Amino acid sequence: MMAMGLLWMGLALLQALETQAQMEDIHQKIPLQPDFQEDKFIGAWYSVGLASTFPWFLKKKAELTMCKSVLTPEADGTVNLTATFIRNNQCESRTSLLRKTEEPGHYVYKSIKWESDHNVYVVETNYEEYALLYTSKTKGNSHFNMATLYSRTKDVKTELKERFIRFAKSHGFTEDTIVILPKTDHCIDEK
Ligand SMILES: *[C@@H]1O[C@H](CO)[C@@H](O)[C@H](O)[C@H]1NC(C)=O
């Protein structure tokens, strides 16, 4: 009787911990660049590193190349993020309008096309060289996460690539979900 009681208690505790772990996963507190300055963060960046749990990404990741993201402040206070990349040998652009939140460096946007909600966190940046971003995406009941390495230049020091890989791993991304994107001149000429 005593043993059954203990077993039951153990199971209940385990279940409680599991639920808590899931909750933390969804509402994980993502750190932000202290004293974030948007005016220094805007401009052109190259996405040179990506990590994602999104099934499409995992299928396509071997074929992806670097893409360019241009951030421009809009008059209404949002930030226009226009990403240009090559897809099926053609240049494509996609615009997301990032809305500020109360926390500087934390933005939100909605994709009407994909019916998804996104939270974007600028975790770390020195503005002139690199930025580490964390994005969480919610579509219906599904959650996907993404880590991105932004670089001001197409060529990136090995040290920075390694730093990105460590960053992605620290947020739970496994080796097989992380890619350093190969350099390309298509669609994304350096200005
Ligand atoms: C966002 O920027 C792109 C490229 O700079 C521009 O073509 C587009 O019109 C802008 N979109 C909005 C909604 O302001």
# chains A, B, ... in the order shown; residues from 1 in each chain; ligands from 1

$ residues_around --residues "range 87-94 of chain A" --least-positions-apart "3" --cutoff "8 Å" --atoms "only C-alpha atoms" --output "list in words"
Thr82, Ala83, Thr84, His186 and Cys187 of chain A

$ write_last_selection --atoms "C-alpha atoms" --output "PDB file, in the first residue's frame"
ATOM      1  CA  THR A  82      12.898  42.683 -46.533  1.00  0.00           C
ATOM      2  CA  ALA A  83      14.782  39.476 -47.193  1.00  0.00           C
ATOM      3  CA  THR A  84      16.086  38.665 -50.670  1.00  0.00           C
ATOM      4  CA  HIS A 186      23.162  35.804 -56.968  1.00  0.00           C
ATOM      5  CA  CYS A 187      20.494  38.283 -55.879  1.00  0.00           C
TER       6      CYS A 187
END

$ residues_near_ligand --ligand "ligand 1" --cutoff "7 Å" --atoms "only C-alpha atoms and all ligand atoms" --output "list in words"
Val70, Thr72, Glu74, Asn80, Leu81, Thr82, Thr95 and Leu97 of chain A

$ write_last_selection --atoms "all heavy atoms" --output "CSV table (one decimal), in the first residue's frame"
chain,number,residue,atom,x,y,z
A,70,VAL,N,17.3,43.5,-45.4
A,70,VAL,CA,17.5,44.9,-45.3
A,70,VAL,C,16.4,45.4,-44.3
A,70,VAL,O,15.2,45.1,-44.5
A,70,VAL,CB,17.4,45.7,-46.6
A,70,VAL,CG1,17.5,47.2,-46.4
A,70,VAL,CG2,18.5,45.1,-47.6
A,72,THR,N,14.6,48.6,-42.6
A,72,THR,CA,14.4,50.0,-42.7
A,72,THR,C,13.3,50.4,-41.8
A,72,THR,O,12.2,49.8,-41.7
A,72,THR,CB,13.9,50.3,-44.2
A,72,THR,OG1,14.5,49.4,-45.1
A,72,THR,CG2,14.2,51.7,-44.6
A,74,GLU,N,10.1,52.3,-40.7
A,74,GLU,CA,8.9,52.9,-41.4
A,74,GLU,C,8.4,54.0,-40.5
A,74,GLU,O,8.7,54.1,-39.3
A,74,GLU,CB,7.8,51.8,-41.6
A,74,GLU,CG,8.2,50.7,-42.5
A,74,GLU,CD,8.0,51.0,-44.0
A,74,GLU,OE1,7.4,52.0,-44.3
A,74,GLU,OE2,8.6,50.3,-44.8
A,80,ASN,N,10.7,47.6,-41.4
A,80,ASN,CA,10.5,46.8,-42.6
A,80,ASN,C,11.7,45.9,-42.8
A,80,ASN,O,12.8,46.3,-43.0
A,80,ASN,CB,10.3,47.8,-43.7
A,80,ASN,CG,10.2,47.1,-45.1
A,80,ASN,OD1,10.7,46.0,-45.3
A,80,ASN,ND2,9.6,47.8,-46.0
A,81,LEU,N,11.5,44.6,-42.7
A,81,LEU,CA,12.5,43.6,-42.9
A,81,LEU,C,12.3,42.9,-44.2
A,81,LEU,O,11.3,42.2,-44.4
A,81,LEU,CB,12.5,42.5,-41.8
A,81,LEU,CG,13.3,41.3,-42.0
A,81,LEU,CD1,14.8,41.5,-42.0
A,81,LEU,CD2,13.0,40.3,-40.9
A,82,THR,N,13.1,43.3,-45.2
A,82,THR,CA,12.9,42.7,-46.5
A,82,THR,C,14.1,41.8,-46.8
A,82,THR,O,15.2,42.2,-46.9
A,82,THR,CB,12.7,43.8,-47.6
A,82,THR,OG1,11.6,44.5,-47.4
A,82,THR,CG2,12.6,43.1,-49.0
A,95,THR,N,8.8,40.5,-47.4
A,95,THR,CA,8.8,41.6,-46.5
A,95,THR,C,8.0,41.2,-45.2
A,95,THR,O,6.9,40.7,-45.3
A,95,THR,CB,8.2,42.9,-47.1
A,95,THR,OG1,9.1,43.3,-48.1
A,95,THR,CG2,8.1,44.0,-46.1
A,97,LEU,N,6.8,43.1,-41.5
A,97,LEU,CA,6.8,44.4,-40.8
A,97,LEU,C,6.9,44.0,-39.3
A,97,LEU,O,6.0,43.5,-38.7
A,97,LEU,CB,5.6,45.2,-41.1
A,97,LEU,CG,5.6,45.7,-42.6
A,97,LEU,CD1,4.2,46.4,-42.9
A,97,LEU,CD2,6.7,46.7,-42.8

$ select_by_dssp --residues "range 87-177 of chain A" --states "helix (DSSP H, G or I)" --output "PyMOL selection string"
chain A and resi 158-170+175-177

$ write_last_selection --atoms "N, CA, C and O atoms" --output "CSV table (one decimal), in the first residue's frame"
chain,number,residue,atom,x,y,z
A,158,THR,N,35.9,32.5,-39.0
A,158,THR,CA,35.6,31.2,-38.4
A,158,THR,C,35.1,31.3,-36.9
A,158,THR,O,34.2,30.6,-36.5
A,159,GLU,N,35.7,32.2,-36.2
A,159,GLU,CA,35.4,32.4,-34.8
A,159,GLU,C,34.0,32.8,-34.6
A,159,GLU,O,33.3,32.3,-33.7
A,160,LEU,N,33.4,33.6,-35.6
A,160,LEU,CA,32.0,34.0,-35.5
A,160,LEU,C,31.1,32.8,-35.8
A,160,LEU,O,30.0,32.7,-35.2
A,161,LYS,N,31.5,32.0,-36.8
A,161,LYS,CA,30.7,30.9,-37.1
A,161,LYS,C,30.6,29.9,-35.9
A,161,LYS,O,29.5,29.4,-35.6
A,162,GLU,N,31.7,29.7,-35.3
A,162,GLU,CA,31.8,28.9,-34.1
A,162,GLU,C,30.9,29.4,-33.0
A,162,GLU,O,30.2,28.7,-32.2
A,163,ARG,N,31.0,30.7,-32.8
A,163,ARG,CA,30.2,31.4,-31.8
A,163,ARG,C,28.7,31.2,-32.0
A,163,ARG,O,27.9,30.9,-31.1
A,164,PHE,N,28.3,31.2,-33.3
A,164,PHE,CA,26.9,31.0,-33.7
A,164,PHE,C,26.5,29.6,-33.3
A,164,PHE,O,25.4,29.3,-32.8
A,165,ILE,N,27.3,28.6,-33.7
A,165,ILE,CA,27.0,27.2,-33.4
A,165,ILE,C,26.8,27.0,-31.9
A,165,ILE,O,25.9,26.4,-31.5
A,166,ARG,N,27.7,27.6,-31.1
A,166,ARG,CA,27.6,27.5,-29.7
A,166,ARG,C,26.2,28.1,-29.2
A,166,ARG,O,25.5,27.6,-28.3
A,167,PHE,N,25.9,29.3,-29.8
A,167,PHE,CA,24.7,30.0,-29.4
A,167,PHE,C,23.5,29.1,-29.7
A,167,PHE,O,22.6,29.0,-28.9
A,168,ALA,N,23.5,28.5,-31.0
A,168,ALA,CA,22.3,27.7,-31.4
A,168,ALA,C,22.2,26.5,-30.4
A,168,ALA,O,21.1,26.2,-30.0
A,169,LYS,N,23.3,25.9,-30.1
A,169,LYS,CA,23.3,24.7,-29.2
A,169,LYS,C,22.8,25.1,-27.8
A,169,LYS,O,22.1,24.3,-27.2
A,170,SER,N,23.2,26.3,-27.4
A,170,SER,CA,22.8,26.7,-26.0
A,170,SER,C,21.2,26.9,-26.0
A,170,SER,O,20.6,26.9,-24.9
A,175,GLU,N,23.1,19.6,-33.7
A,175,GLU,CA,24.0,19.7,-34.9
A,175,GLU,C,23.3,19.6,-36.2
A,175,GLU,O,23.6,20.4,-37.1
A,176,ASP,N,22.4,18.6,-36.4
A,176,ASP,CA,21.8,18.4,-37.7
A,176,ASP,C,20.8,19.5,-38.0
A,176,ASP,O,20.2,19.5,-39.1
A,177,THR,N,20.5,20.4,-37.1
A,177,THR,CA,19.5,21.5,-37.5
A,177,THR,C,20.2,22.8,-37.7
A,177,THR,O,19.6,23.9,-37.9

$ atom_distance --atom1 "CA of Met66 in chain A" --atom2 "CA of Leu181 in chain A"
5.1 Å

$ select_by_dssp --residues "chain A" --states "strand (DSSP E or B)" --output "JSON, numbers by chain"
{"A": [43, 44, 45, 46, 47, 48, 49, 50, 51, 52, 67, 68, 69, 70, 71, 72, 73, 79, 80, 81, 82, 83, 84, 85, 86, 87, 90, 91, 92, 93, 94, 95, 96, 97, 98, 99, 100, 106, 107, 108, 109, 110, 111, 116, 117, 118, 119, 120, 121, 122, 123, 124, 125, 130, 131, 132, 133, 134, 135, 136, 137, 138, 139, 142, 143, 144, 145, 146, 147, 148, 149, 150, 151, 178, 179, 180]}

$ residues_around --residues "Asp155 in chain A" --least-positions-apart "4" --cutoff "12 Å" --atoms "only C-alpha atoms" --output "MDAnalysis selection string"
chainID A and resid 45:49 66 129:130 150:151 159:161 180:185 190

$ closest_residue --among "A:Val156, A:Leu50, A:Ala44, A:Ile188" --to "Leu132 in chain A" --atoms "only C-alpha atoms"
A:Leu50
